[in-house]
Number of protein chains: 2
Amino acid sequence: MNKEKITIAVDAMGGDHAPRITVEGVCLALAEDPRVRILLIGDEQKIKAELKEHAAFGERITLVHTPDEITMEDHPKEAILQKPNASVLVAARLLSEGKADAMVSAGSTGAVILSAATHIRRISGVNRTALGTVFPTLNERQRPGIFSLMMDIGANVSNSADDLVHFAYMGTSYAKKILRIAEPTVGLLNIGAEEHKGNETMKQAYKLLSSRPDIDFIGNIEGNDLIKGKADIIVSEGMTGNIAIKTMEGTSEAVKKIAKMAMKGKLIWKIGLLCLSGGIKKLMKVASYEEYGGAPIFGFDKLVIKSHGRSSAYAFKNGIRAAVRAVEDDMIPAMREAIKKFETEKS
Amino acid sequence: MNKEKITIAVDAMGGDHAPRITVEGVCLALAEDPRVRILLIGDEQKIKAELKEHAAFGERITLVHTPDEITMEDHPKEAILQKPNASVLVAARLLSEGKADAMVSAGSTGAVILSAATHIRRISGVNRTALGTVFPTLNERQRPGIFSLMMDIGANVSNSADDLVHFAYMGTSYAKKILRIAEPTVGLLNIGAEEHKGNETMKQAYKLLSSRPDIDFIGNIEGNDLIKGKADIIVSEGMTGNIAIKTMEGTSEAVKKIAKMAMKGKLIWKIGLLCLSGGIKKLMKVASYEEYGGAPIFGFDKLVIKSHGRSSAYAFKNGIRAAVRAVEDDMIPAMREAIKKFETEKS
């Protein structure tokens with residue numbers, strides 16, 4: 001692959017503030033990295049109106065017109081069938097045809113997963129794709145970064161032990177290539193620390209993960225360990241991962257609400273909050289998903305990055321940057337290798 | 001039952017600060033409610049040394065001497081077999097023999113469950129006991145109280161749909177009798193809001209719960225709904241409930257740590273925190289488990305209350321009060337009735 005030119009298929013219409021934010025993010029990415037080429041997919045007129053606001057990037061942007069899009073209100077399964085030319089599906093198709101090296105969309109998770117599943121096959125050996133998310137932690141173990149990656153957080157309900165090992169390998173490749181962590185650690189989300197804890201899948205996954213020399217498995221991770229940042233990667237069945245990540249989000253949001261309630265309280269509390277605002281902003285920045293642009297849908301044989309629906313242009317740009325890093329560092333080939341090795345050795 | 005005298009078997013030796021805290025809690029309970037009688041079980045000498053510090057309650061306290069106790073360091077399964085006269089086991093035995101109306105222990109969860117299982121049978125029809133916990137919420141729905149009860153949080157790994165319905169009935173009785181909520185609502189912890197979400201157990205539980213006229217089922221509850229306080233009772237399989245509650249605890253603790261870190265920061269942040277301290281204390285009080293004394297181990301045919309291992313004397317007293325309320329309001333008979341009715345009607 002010619003890595004002097006890395007082409008990203010961008011779903012211009014996906015996300016809460018598309019195409020304004022997506023176009024701005026694309027322009028930021030182009031300005032940042034001269035290697036980047038963009039296939040910008042969506043409503044030509046709307047996209048052109050947005051492009052006017054930014055510097056021209058000439059032939060580095062190729063507009064791919066399609067009037068259809070899948071909105072947050074659409075039911076993903078039905079919309080995929082009814083709108084085969086929706087921007088997110090076109091992005092997946094261009095990726096499958098080799099016209100792009102990766103795709104990025106801030107559309108609904110369901111639409112992105114189903115679009116990819118429509119056009120792109122899974123990595124050989126992988127039975128289940130997984131949704132990952134990166135979240136900020138207290139990093140008590142002083143790992144290289146403050147973020148942890150958890151997967152699966154809801155593409156599946158339940159998973160097999162083999163699935164969880166696949167997730168560990170794919171997560172490890174991701175952490176090495178995109179998060180640039182040399183030796184990422186892996187934990188298993190479970191009901192207790194000891195190796196005999198959990199259901200049969202958990203026990204079997206614990207055994208398998210412990211036996212793999214190329215996975216730095218540190219054992220079970222309990223709910224209260226997540227925010228401490230004990231592991232770089234946490235593998236989980238879809239149901240438990242989903243409940244854990246949503247519980248964490250809900251609790252963090254509750255704290256923000258409580259702070260707002262305090263603002264309506266006594267004058268001295270208001271003064272206190274004002275004094276603290278610098279510190280709070282700093283904390284918010286640490287805890288921001290901004291720096292982080294998105295996470296791959298793991299398991300497809302081509303790179304699919306899902307950005308948050310509420311992404312800012314900066315976050316969306318970072319999603320494109322993550323895609324570029326993954327392409328330049330051969331992340332998908334690394335995942336293929338690792339899965340193939342495991343599947344060969346286990347049998 | 002003569003409700004002019006309610007006798008509680010108290011494991012004096014269980015908990016991080018036993019018997020100091022447990023004895024003090026007992027004395028607070030005796031002072032508060034003239035109906036209370038206590039069987040105080042543990043090392044006679046140690047207990048007597050503590051009792052000296054408090055007012056005398058004469059024959060309202062009956063000391064039951066046993067030199068054995070199960071500590072937090074003991075492995076519960078082994079300790080139960082090796083120390084048949086440990087204080088927590090004696091408490092369960094006295095309860096099973098009808099010498100007491102309920103038991104309260106702040107010992108390790110494993111030891112309390114196994115002690116109860118050794119001596120006390122389950123409510124007829126109930127296949128699995130459940131561990132419950134009460135946690136503070138933002139109470140966005142303006143329910144009668146700010147607390148929600150979640151069960152099971154780890155007595156089991158997985159559960160059947162029938163188990164979850166049993167939990168809903170037992171939780172409803174508990175909320176009515178002890179929390180004094182007239183019409184408690186029930187939610188099902190799941191991966192999404194729609195009724196088709198989750199594994200087969202979840203789908204089946206959703207159907208069963210929806211069909212029961214005597215359960216006020218409000219549907220699925222997602223992780224981020226927990227802290228909002230959408231339902232009075234949340235039923236969950238042990239694994240998901242455990243991960244959710246620990247994630248919530250971990251995230252709340254992280255916020256406290258971040259506040260402490262801010263104290264080490266700039267002077268203006270320190271001033272801000274000082275101004276806020278009154279408000280923070282108020283919030284902490286709202287969020288305190290103090291008011292709440294403990295939760296039953298659900299499913300036994302006699303009332304077993306597990307108090308937190310780090311309980312203060314005030315919290316432990318409240319655990320005894322919860323036991324008294326449950327006895328005076330016939331909570332266990334109500335649970336028996338509800339389960340019997342469901343088991344009859346479903347077949």
# chains A, B, ... in the order shown; residues from 1 in each chain; ligands from 1
$ residues_around --residues "Arg336 (chain A)" --least-positions-apart "5" --cutoff "9 Å" --atoms "only C-alpha atoms" --output "list in words"
Ile123, Ser124, Gly125, Met170, Asp301, Met331 and Lys341 of chain A
$ select_by_dssp --residues "region 85-164 of chain B" --states "strand (DSSP E)" --output "PyMOL selection string"
chain B and resi 102-105+130-136+147-151
$ write_last_selection --atoms "N, CA and C atoms" --output "compact mmCIF listing (two decimals), in the first residue's frame"
# COMPACT_ATOMS: atom_id res chain seq x y z
N ALA B 102 -35.55 -12.42 63.98
CA ALA B 102 -34.73 -11.99 62.84
C ALA B 102 -33.28 -12.01 63.29
N MET B 103 -32.36 -11.98 62.34
CA MET B 103 -30.95 -11.85 62.72
C MET B 103 -30.31 -10.70 61.93
N VAL B 104 -29.29 -10.09 62.57
CA VAL B 104 -28.54 -9.00 61.93
C VAL B 104 -27.06 -9.30 62.11
N SER B 105 -26.31 -9.19 61.00
CA SER B 105 -24.86 -9.37 61.07
C SER B 105 -24.17 -8.40 60.13
N ALA B 130 -31.02 -14.00 47.08
CA ALA B 130 -30.48 -12.83 46.39
C ALA B 130 -29.94 -11.85 47.40
N LEU B 131 -28.89 -11.17 46.98
CA LEU B 131 -28.31 -10.13 47.81
C LEU B 131 -28.82 -8.79 47.28
N GLY B 132 -29.30 -7.97 48.19
CA GLY B 132 -29.81 -6.67 47.76
C GLY B 132 -28.93 -5.56 48.30
N THR B 133 -28.98 -4.42 47.65
CA THR B 133 -28.33 -3.25 48.22
C THR B 133 -29.19 -2.04 47.90
N VAL B 134 -29.12 -1.09 48.80
CA VAL B 134 -29.89 0.13 48.64
C VAL B 134 -28.89 1.22 48.34
N PHE B 135 -29.14 2.00 47.28
CA PHE B 135 -28.18 3.05 46.93
C PHE B 135 -28.92 4.36 46.67
N PRO B 136 -28.22 5.48 46.95
CA PRO B 136 -28.86 6.79 46.77
C PRO B 136 -28.91 7.18 45.30
N PHE B 147 -33.79 6.56 47.58
CA PHE B 147 -33.03 5.31 47.43
C PHE B 147 -33.68 4.36 46.42
N SER B 148 -32.85 3.56 45.80
CA SER B 148 -33.34 2.43 45.02
C SER B 148 -32.73 1.15 45.60
N LEU B 149 -33.46 0.07 45.43
CA LEU B 149 -32.98 -1.24 45.87
C LEU B 149 -32.61 -2.04 44.63
N MET B 150 -31.39 -2.58 44.58
CA MET B 150 -31.03 -3.46 43.47
C MET B 150 -30.75 -4.86 44.00
N MET B 151 -31.27 -5.85 43.30
CA MET B 151 -31.04 -7.25 43.68
C MET B 151 -31.20 -8.12 42.45
$ residues_around --residues "Ala193 (chain B)" --least-positions-apart "5" --cutoff "9 Å" --atoms "only C-alpha atoms" --output "count of residues only"
4
$ residues_around --residues "Gly309 (chain B)" --least-positions-apart "3" --cutoff "10 Å" --atoms "only C-alpha atoms" --output "mmCIF file with C-alpha atoms, in the first residue's frame"
data_model
loop_
_atom_site.group_PDB
_atom_site.id
_atom_site.type_symbol
_atom_site.label_atom_id
_atom_site.label_comp_id
_atom_site.auth_asym_id
_atom_site.auth_seq_id
_atom_site.Cartn_x
_atom_site.Cartn_y
_atom_site.Cartn_z
ATOM 1 C CA GLY B 14 -19.134 -9.518 62.598
ATOM 2 C CA GLY B 15 -17.833 -6.380 60.879
ATOM 3 C CA ASP B 16 -14.678 -4.291 60.770
ATOM 4 C CA HIS B 17 -15.167 -2.672 64.176
ATOM 5 C CA ALA B 18 -16.881 -5.451 66.105
ATOM 6 C CA MET B 72 -12.946 -10.993 57.074
ATOM 7 C CA SER B 105 -24.864 -9.375 61.072
ATOM 8 C CA ALA B 106 -22.201 -7.051 59.692
ATOM 9 C CA GLY B 107 -19.956 -10.017 58.954
ATOM 10 C CA SER B 108 -18.680 -10.920 55.495
ATOM 11 C CA THR B 109 -21.426 -11.422 52.940
ATOM 12 C CA GLY B 294 -28.385 -2.962 55.751
ATOM 13 C CA LYS B 306 -26.742 -8.039 56.362
ATOM 14 C CA SER B 312 -21.099 2.847 62.132
ATOM 15 C CA PHE B 316 -25.957 -0.863 62.610
#
$ residues_around --residues "Val90 (chain B)" --least-positions-apart "3" --cutoff "10 Å" --atoms "only C-alpha atoms" --output "MDAnalysis selection string"
chainID B and resid 9:11 41:42 64:66 68:69 84:87 93:96 115:116 119
$ residues_around --residues "region 227-229 of chain A" --least-positions-apart "3" --cutoff "9 Å" --atoms "only C-alpha atoms" --output "list in words"
Phe135, Pro136, Thr137, Leu138, Asn139, Glu140, Arg141, Gln142, Arg143, Ile146, Phe147, Ser148, Gly223, Asn224, Asp232 and Met248 of chain A; Thr247, Gly250, Thr251 and Ala254 of chain B
$ write_last_selection --atoms "C-alpha atoms" --output "PDB file, in the first residue's frame"
ATOM      1  CA  PHE A 135     -12.916   6.052  28.562  1.00  0.00           C
ATOM      2  CA  PRO A 136     -10.797   8.215  30.885  1.00  0.00           C
ATOM      3  CA  THR A 137      -9.537   6.699  34.143  1.00  0.00           C
ATOM      4  CA  LEU A 138      -7.678   7.781  37.276  1.00  0.00           C
ATOM      5  CA  ASN A 139      -4.749   5.757  35.908  1.00  0.00           C
ATOM      6  CA  GLU A 140      -3.711   4.534  39.350  1.00  0.00           C
ATOM      7  CA  ARG A 141      -1.211   2.125  37.825  1.00  0.00           C
ATOM      8  CA  GLN A 142       0.561   4.919  35.972  1.00  0.00           C
ATOM      9  CA  ARG A 143       0.102   3.305  32.607  1.00  0.00           C
ATOM     10  CA  ILE A 146      -5.061   7.663  31.138  1.00  0.00           C
ATOM     11  CA  PHE A 147      -7.541   5.920  28.859  1.00  0.00           C
ATOM     12  CA  SER A 148      -8.792   2.357  28.903  1.00  0.00           C
ATOM     13  CA  GLY A 223     -16.759  -2.903  38.300  1.00  0.00           C
ATOM     14  CA  ASN A 224     -15.019  -0.632  40.791  1.00  0.00           C
ATOM     15  CA  ASP A 232      -5.353  -0.815  29.112  1.00  0.00           C
ATOM     16  CA  MET A 248     -20.141   4.852  34.518  1.00  0.00           C
TER      17      MET A 248
ATOM     18  CA  THR B 247     -19.043   0.384  38.808  1.00  0.00           C
ATOM     19  CA  GLY B 250     -16.000   2.957  41.923  1.00  0.00           C
ATOM     20  CA  THR B 251     -17.072   6.022  39.954  1.00  0.00           C
ATOM     21  CA  ALA B 254     -13.185   8.413  41.935  1.00  0.00           C
TER      22      ALA B 254
END
$ residues_around --residues "Ile8 (chain B)" --least-positions-apart "6" --cutoff "9 Å" --atoms "only C-alpha atoms" --output "list of chain:residue names"
B:Val36, B:Arg37, B:Ile38, B:Leu39, B:Leu40, B:Leu95, B:Lys99, B:Ala100, B:Asp101, B:Ala102, B:Met103, B:Val104, B:Ile320, B:Ala323, B:Val324
$ closest_residue --among "B:Val88, B:Leu208, B:Ile218, B:Ile113" --to "Leu189 (chain B)" --atoms "only C-alpha atoms"
B:Ile218
$ atom_distance --atom1 "CA of Glu97 (chain B)" --atom2 "CA of Arg128 (chain B)"
22.2 Å
